[in-house]
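J.: So I've got this file, protein.cif, and it contains mmCIF, C-alpha atoms:
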data_model
loop_
_atom_site.label_atom_id
_atom_site.label_comp_id
_atom_site.auth_asym_id
_atom_site.auth_seq_id
_atom_site.Cartn_x
_atom_site.Cartn_y
_atom_site.Cartn_z
CA MET A 16 0.00 0.00 0.00
CA LYS A 17 1.33 3.41 -0.98
CA LYS A 18 1.85 5.96 1.75
CA ASP A 19 1.81 9.76 1.92
CA ALA A 20 4.36 12.00 3.60
CA ILE A 21 3.94 15.50 4.99
CA LEU A 22 7.12 17.56 5.43
CA ILE A 23 6.82 20.61 7.66
CA ALA A 24 9.08 23.28 6.16
CA ALA A 25 7.40 26.56 7.11
CA GLY A 26 9.55 27.75 10.02
CA ARG A 27 11.89 30.73 10.06
CA GLY A 28 14.94 28.84 11.37
CA GLU A 29 16.02 31.83 13.44
CA ARG A 30 18.59 29.87 15.48
CA MET A 31 20.44 29.13 12.23
CA ARG A 32 20.98 32.76 11.29
CA PRO A 33 22.74 34.20 9.34
CA LEU A 34 22.51 31.12 7.08
CA THR A 35 18.71 31.31 7.07
CA LEU A 36 18.39 34.99 6.23
CA GLU A 37 18.15 34.11 2.53
CA THR A 38 17.82 30.31 2.64
CA PRO A 39 15.04 28.44 4.47
CA LYS A 40 16.52 26.07 7.00
CA PRO A 41 15.44 22.83 5.23
CA LEU A 42 17.37 23.94 2.14
CA VAL A 43 20.63 24.52 4.04
CA LYS A 44 23.10 22.04 2.63
CA VAL A 45 24.79 19.33 4.68
CA HIS A 46 27.65 17.60 2.89
CA GLY A 47 26.51 19.31 -0.29
CA ARG A 48 22.82 18.29 -0.13
CA PRO A 49 19.82 20.28 1.12
CA MET A 50 18.57 18.67 4.31
CA ILE A 51 15.05 18.26 2.96
CA GLU A 52 16.31 16.25 -0.01
CA THR A 53 17.91 13.69 2.29
CA ILE A 54 14.45 13.08 3.76
CA ILE A 55 12.67 13.05 0.40
CA ASP A 56 15.12 10.58 -1.15
CA ALA A 57 14.84 8.26 1.85
CA LEU A 58 11.04 8.35 1.79
CA ARG A 59 10.90 7.61 -1.93
CA LEU A 60 12.79 4.38 -1.30
CA HIS A 61 10.06 3.19 1.06
CA ASP A 62 6.74 3.03 -0.82
CA VAL A 63 5.81 6.67 -0.33
CA GLY A 64 3.51 7.54 -3.20
CA HIS A 65 3.20 11.29 -2.67
CA ILE A 66 5.01 13.91 -0.64
CA TYR A 67 3.44 17.19 0.50
CA VAL A 68 5.84 19.94 1.55
CA VAL A 69 4.24 22.65 3.69
CA VAL A 70 6.13 25.91 3.18
CA GLY A 71 5.95 29.37 4.69
CA TYR A 72 9.12 31.39 5.29
CA LEU A 73 10.90 32.00 1.96
CA GLY A 74 8.44 29.54 0.46
CA ASP A 75 9.29 30.40 -3.14
CA LYS A 76 12.74 28.90 -2.61
CA PHE A 77 11.15 25.44 -2.58
CA SER A 78 9.59 25.86 -6.03
CA TYR A 79 12.24 23.71 -7.72
CA LEU A 80 11.22 20.61 -5.77
CA PRO A 81 8.13 19.63 -7.84
CA GLU A 82 10.28 19.97 -10.95
CA LYS A 83 12.84 17.59 -9.52
CA TYR A 84 10.33 15.20 -7.92
CA SER A 85 7.16 14.53 -9.90
CA ASP A 86 5.50 12.94 -6.85
CA LEU A 87 5.77 16.10 -4.73
CA THR A 88 3.31 18.95 -4.11
CA ILE A 89 3.95 22.27 -2.41
CA ILE A 90 1.32 23.45 0.10
CA LYS A 91 1.47 27.02 1.41
CA ASN A 92 0.99 27.77 5.09
CA THR A 93 -0.19 31.39 5.04
CA GLU A 94 -0.24 31.60 8.85
CA PHE A 95 3.30 30.48 9.64
CA ASN A 96 4.26 33.96 10.82
CA ILE A 97 1.47 34.27 13.40
CA LYS A 98 0.87 30.70 14.56
CA ASN A 99 2.91 27.74 15.74
CA ASN A 100 3.35 24.58 13.64
CA ILE A 101 -0.22 23.44 14.26
CA SER A 102 -0.89 25.75 11.30
CA SER A 103 1.17 23.52 9.00
CA ILE A 104 -0.92 20.44 9.82
CA TYR A 105 -4.09 22.51 9.45
CA ALA A 106 -2.92 23.47 5.95
CA VAL A 107 -2.93 19.79 4.93
CA SER A 108 -5.76 18.59 7.17
CA ASP A 109 -7.99 17.89 4.16
CA ILE A 110 -5.30 15.54 2.79
CA MET A 111 -4.05 13.92 5.97
CA GLY A 112 -5.81 10.63 6.55
CA GLN A 113 -6.39 9.60 2.95
CA ASN A 114 -3.51 7.12 3.32
CA ASP A 115 -1.04 5.98 5.94
CA THR A 116 1.06 9.08 6.50
CA PHE A 117 4.57 10.03 7.58
CA VAL A 118 4.89 13.46 9.20
CA CYS A 119 8.44 14.80 9.17
CA GLU A 120 10.16 17.95 10.27
CA ALA A 121 11.95 19.14 7.14
CA ASP A 122 15.09 20.40 8.92
CA LEU A 123 16.52 16.93 9.49
CA TYR A 124 19.63 15.42 7.97
CA VAL A 125 19.04 11.76 7.18
CA SER A 126 22.41 10.09 6.80
CA ASP A 127 20.97 6.57 6.61
CA PRO A 128 17.75 5.92 4.62
CA ALA A 129 17.45 2.61 6.46
CA ILE A 130 15.74 4.47 9.32
CA PHE A 131 12.53 3.82 7.39
CA ASP A 132 13.18 0.07 7.26
CA GLY A 133 10.96 -2.05 9.45
CA VAL A 134 8.46 0.64 10.39
CA PRO A 135 5.83 -1.20 12.44
CA ASP A 136 2.31 -1.75 11.17
CA THR A 137 1.04 0.63 13.82
CA SER A 138 1.14 4.37 14.29
CA CYS A 139 4.50 5.34 15.78
CA TYR A 140 6.97 8.08 16.62
CA PHE A 141 10.59 7.63 15.63
CA GLY A 142 12.70 7.82 18.78
CA LYS A 143 16.38 7.91 19.71
CA MET A 144 17.23 6.34 23.06
CA VAL A 145 19.17 8.71 25.32
CA HIS A 146 20.78 7.21 28.39
CA GLY A 147 20.98 9.59 31.30
CA HIS A 148 19.10 12.89 31.41
CA SER A 149 17.60 14.63 28.38
CA ASP A 150 16.08 18.12 28.23
CA ASP A 151 14.54 17.58 24.79
CA TRP A 152 11.09 16.41 23.74
CA VAL A 153 10.69 12.81 24.85
CA LEU A 154 8.36 9.85 24.40
CA ASN A 155 7.05 8.47 27.68
CA LEU A 156 5.99 4.83 27.57
CA ASP A 157 3.42 2.79 29.44
CA GLY A 158 4.40 -0.71 28.45
CA LYS A 159 4.40 -1.00 24.66
CA TYR A 160 2.60 2.24 23.90
CA ILE A 161 3.42 5.94 24.23
CA SER A 162 1.50 7.41 27.16
CA SER A 163 2.56 11.04 26.74
CA LEU A 164 4.84 13.43 24.91
CA GLY A 165 6.80 15.68 27.21
CA VAL A 166 9.96 17.67 27.75
CA GLY A 167 12.79 16.13 29.73
CA GLY A 168 13.39 12.75 31.30
CA ASP A 169 15.93 10.10 32.18
CA ASP A 170 16.78 7.07 30.02
CA VAL A 171 14.03 7.90 27.53
CA TYR A 172 13.44 8.01 23.81
CA ASN A 173 13.92 11.46 22.35
CA MET A 174 11.58 12.49 19.56
CA ALA A 175 13.51 12.26 16.28
CA GLY A 176 11.31 14.57 14.21
CA ILE A 177 9.45 11.84 12.30
CA SER A 178 6.16 10.14 13.03
CA TYR A 179 3.97 7.68 11.13
CA PHE A 180 0.23 7.29 11.42
CA LYS A 181 -2.11 4.69 10.01
CA ALA A 182 -4.77 6.28 7.81
CA GLU A 183 -7.51 6.10 10.42
CA ASP A 184 -5.33 7.68 13.11
CA ALA A 185 -4.06 10.34 10.69
CA GLY A 186 -7.64 11.28 9.89
CA LEU A 187 -8.53 11.53 13.58
CA ILE A 188 -5.54 13.81 14.19
CA ALA A 189 -6.47 16.03 11.25
CA GLU A 190 -10.03 16.28 12.58
CA ALA A 191 -8.74 17.17 16.05
CA VAL A 192 -6.47 19.88 14.61
CA ARG A 193 -9.41 21.40 12.75
CA LYS A 194 -11.43 21.37 15.97
CA LYS A 195 -8.60 23.07 17.88
CA TYR A 196 -8.67 25.85 15.31
CA SER A 197 -12.08 26.91 16.66
CA GLU A 198 -10.67 27.30 20.17
CA SER A 199 -8.83 30.29 21.59
CA GLY A 200 -5.16 29.72 22.30
CA HIS A 201 -4.59 27.32 19.43
CA GLU A 202 -2.21 29.80 17.86
CA GLN A 203 0.63 28.78 20.19
CA LEU A 204 0.21 25.02 19.92
CA TYR A 205 2.63 22.52 18.48
CA TRP A 206 0.69 19.93 16.49
CA ASP A 207 2.24 17.19 18.64
CA GLU A 208 0.40 18.67 21.62
CA VAL A 209 -2.86 17.76 19.88
CA VAL A 210 -1.60 14.19 19.45
CA ASN A 211 -0.58 14.14 23.11
CA GLU A 212 -4.19 14.77 24.14
CA MET A 213 -5.28 11.76 22.06
CA LEU A 214 -2.82 9.17 23.34
CA ASN A 215 -5.37 7.67 25.71
CA THR A 216 -7.29 6.43 22.67
CA LEU A 217 -4.64 6.14 19.94
CA LYS A 218 -2.26 3.18 20.09
CA VAL A 219 1.12 4.70 19.22
CA THR A 220 4.43 2.87 19.57
CA VAL A 221 8.11 3.86 19.26
CA HIS A 222 10.16 3.07 16.18
CA ALA A 223 13.71 3.10 17.53
CA VAL A 224 16.40 4.66 15.34
CA GLY A 225 20.12 5.14 15.86
CA ALA A 226 21.56 8.49 16.87
CA ASP A 227 23.85 8.40 13.84
CA GLN A 228 21.02 7.77 11.35
CA ILE A 229 19.28 11.11 11.63
CA VAL A 230 20.31 14.49 13.02
CA GLU A 231 18.17 17.50 13.88
CA ILE A 232 20.33 20.56 13.36
CA ASP A 233 19.24 23.63 15.32
CA SER A 234 22.25 25.93 15.22
CA VAL A 235 25.26 26.82 13.10
CA ALA A 236 27.47 25.19 15.73
CA GLU A 237 25.53 21.92 15.42
CA LEU A 238 25.74 22.18 11.64
CA ALA A 239 29.51 22.63 11.81
CA ALA A 240 29.78 19.57 14.04
CA VAL A 241 28.09 17.48 11.35
CA ASP A 242 29.63 19.17 8.31
CA PRO A 243 33.20 20.47 8.93
CA SER A 244 32.99 22.74 5.87
CA TYR A 245 31.03 25.21 8.05
CA ARG A 246 33.77 25.51 10.63
CA GLN A 247 35.38 28.90 10.77
#
Would you write the structure of this file as structure tokens?

T.:
Amino acid sequence: MKKDAILIAAGRGERMRPLTLETPKPLVKVHGRPMIETIIDALRLHDVGHIYVVVGYLGDKFSYLPEKYSDLTIIKNTEFNIKNNISSIYAVSDIMGQNDTFVCEADLYVSDPAIFDGVPDTSCYFGKMVHGHSDDWVLNLDGKYISSLGVGGDDVYNMAGISYFKAEDAGLIAEAVRKKYSESGHEQLYWDEVVNEMLNTLKVTVHAVGADQIVEIDSVAELAAVDPSYRQ
């Protein structure tokens, strides 16, 4: 069965300035390749039939992608400047749920496409095990399933920026996001916070990936650590 993928690429990438003053963060090159293309190429190796890239900041810079990838569509998030990333899922909420769907942050560097191998036949978040304390977003487990998404923990899986939802679950999440849009305060929400409120009914597992398979790059210093060509 073919799958869809949604890549969230609307953010301003302010922590990566000055590189992101004229280049959106997902198009910053790592080892000569735009980060977003490392994700796209990996997805296309794993039965992903169509990819939707949600753009906002410097959105026109992504216009070459549909020319390079015939199975890719650009979706504009017109609210990226005034709302958190819930607005990117809202922009594709009429599409999300038609098929099993990957949701990926677009500012990830995928060094090993095999991270998509063996994805379970359940909805899941990709997670990297961190031994000791972590201050990042984490996946808290109750037995086999994720019980909550939170910030900080000890000996926990860190969120790796990729999730996968079976079509029914993806549709329920899209519906919940649309409902949130009618409520005050939704402007500041991360879309994962909507999922977090649904984990008592959704059955979501962890797909464990290696720390060296995928890297979320949030600063120029982190970029230089991965790609020495940025060292000054």

J.: Got a sec to resolve the PyMOL selection byres ((chain A and resi 166) around 8) on this structure and send the residues as a ChimeraX atom specification?

T.: /A:150-153,164-165,167-168

J.: I'd like the box whose edges run along x, y and z of the file and which contains every listed atom of region 24-34 of chain A, padded by 8 Å per side; could you state its centre and edge lengths in Å, one decimal, as lines of an AutoDock Vina configuration file?

T.:
center_x = 15.1
center_y = 28.7
center_z = 10.8
size_x = 31.3
size_y = 26.9
size_z = 25.3

J.: Fewer than 2 positions away in the same chain doesn't count, so skip those; otherwise give me all residues within 10 Å of Arg59 (chain A), counting only C-alpha atoms, as a VMD selection string.

T.: chain A and resid 18 20 54 to 57 61 to 66 84 86 128

J.: Given the choices A:Cys139, A:Leu34, A:Ala24, A:Ala185, which gets closest to Ile90 (chain A) if the distance is worked out from all atoms listed in the file?

T.: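 Selected residue with least distance to Ile90 (chain A): A:Ala24.
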
J.: Quick check, in Å to one decimal: how far apart do CA of Ala189 (chain A) and CA of Ser102 (chain A) lie?

T.: 11.2 Å

J.: Specify as a list in words each residue included when the PyMOL selection byres ((chain A and resi 241) around 9) is applied to this file.

T.: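 Checked against the file, the PyMOL selection byres ((chain A and resi 241) around 9) matches Val45, His46, Val230, Ile232, Ala236, Glu237, Leu238, Ala239, Ala240, Asp242, Pro243 and Tyr245 of chain A.
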
J.: When you draw a straight line from CA of Phe77 (chain A) to CA of Ile89 (chain A), how long is it in Å?

T.: 7.9 Å

J.: Ranking A:Asp170, A:Asp115, A:Glu94, A:Asp233 by minimum distance to Arg32 (chain A) and counting all atoms listed in the file, which one comes first?

T.: A:Asp233

J.: Hey, what's within 12 Å of Val69 (chain A) if we count all atoms listed in the file and toss same-chain stuff fewer than 5 positions away? As an mmCIF file with C-alpha atoms, in the frame of the given file, please?

T.:
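Contents of selection.cif, as written:
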data_model
loop_
_atom_site.group_PDB
_atom_site.id
_atom_site.type_symbol
_atom_site.label_atom_id
_atom_site.label_comp_id
_atom_site.auth_asym_id
_atom_site.auth_seq_id
_atom_site.Cartn_x
_atom_site.Cartn_y
_atom_site.Cartn_z
ATOM 1 C CA ALA A 20 4.360 12.000 3.600
ATOM 2 C CA ILE A 21 3.940 15.500 4.990
ATOM 3 C CA LEU A 22 7.120 17.560 5.430
ATOM 4 C CA ILE A 23 6.820 20.610 7.660
ATOM 5 C CA ALA A 24 9.080 23.280 6.160
ATOM 6 C CA ALA A 25 7.400 26.560 7.110
ATOM 7 C CA GLY A 26 9.550 27.750 10.020
ATOM 8 C CA PRO A 41 15.440 22.830 5.230
ATOM 9 C CA ILE A 51 15.050 18.260 2.960
ATOM 10 C CA GLY A 74 8.440 29.540 0.460
ATOM 11 C CA ASP A 75 9.290 30.400 -3.140
ATOM 12 C CA PHE A 77 11.150 25.440 -2.580
ATOM 13 C CA SER A 78 9.590 25.860 -6.030
ATOM 14 C CA LEU A 80 11.220 20.610 -5.770
ATOM 15 C CA LEU A 87 5.770 16.100 -4.730
ATOM 16 C CA THR A 88 3.310 18.950 -4.110
ATOM 17 C CA ILE A 89 3.950 22.270 -2.410
ATOM 18 C CA ILE A 90 1.320 23.450 0.100
ATOM 19 C CA LYS A 91 1.470 27.020 1.410
ATOM 20 C CA ASN A 92 0.990 27.770 5.090
ATOM 21 C CA THR A 93 -0.190 31.390 5.040
ATOM 22 C CA GLU A 94 -0.240 31.600 8.850
ATOM 23 C CA PHE A 95 3.300 30.480 9.640
ATOM 24 C CA ASN A 100 3.350 24.580 13.640
ATOM 25 C CA ILE A 101 -0.220 23.440 14.260
ATOM 26 C CA SER A 102 -0.890 25.750 11.300
ATOM 27 C CA SER A 103 1.170 23.520 9.000
ATOM 28 C CA ILE A 104 -0.920 20.440 9.820
ATOM 29 C CA TYR A 105 -4.090 22.510 9.450
ATOM 30 C CA ALA A 106 -2.920 23.470 5.950
ATOM 31 C CA VAL A 107 -2.930 19.790 4.930
ATOM 32 C CA SER A 108 -5.760 18.590 7.170
ATOM 33 C CA ILE A 110 -5.300 15.540 2.790
ATOM 34 C CA VAL A 118 4.890 13.460 9.200
ATOM 35 C CA CYS A 119 8.440 14.800 9.170
ATOM 36 C CA GLU A 120 10.160 17.950 10.270
ATOM 37 C CA ALA A 121 11.950 19.140 7.140
#
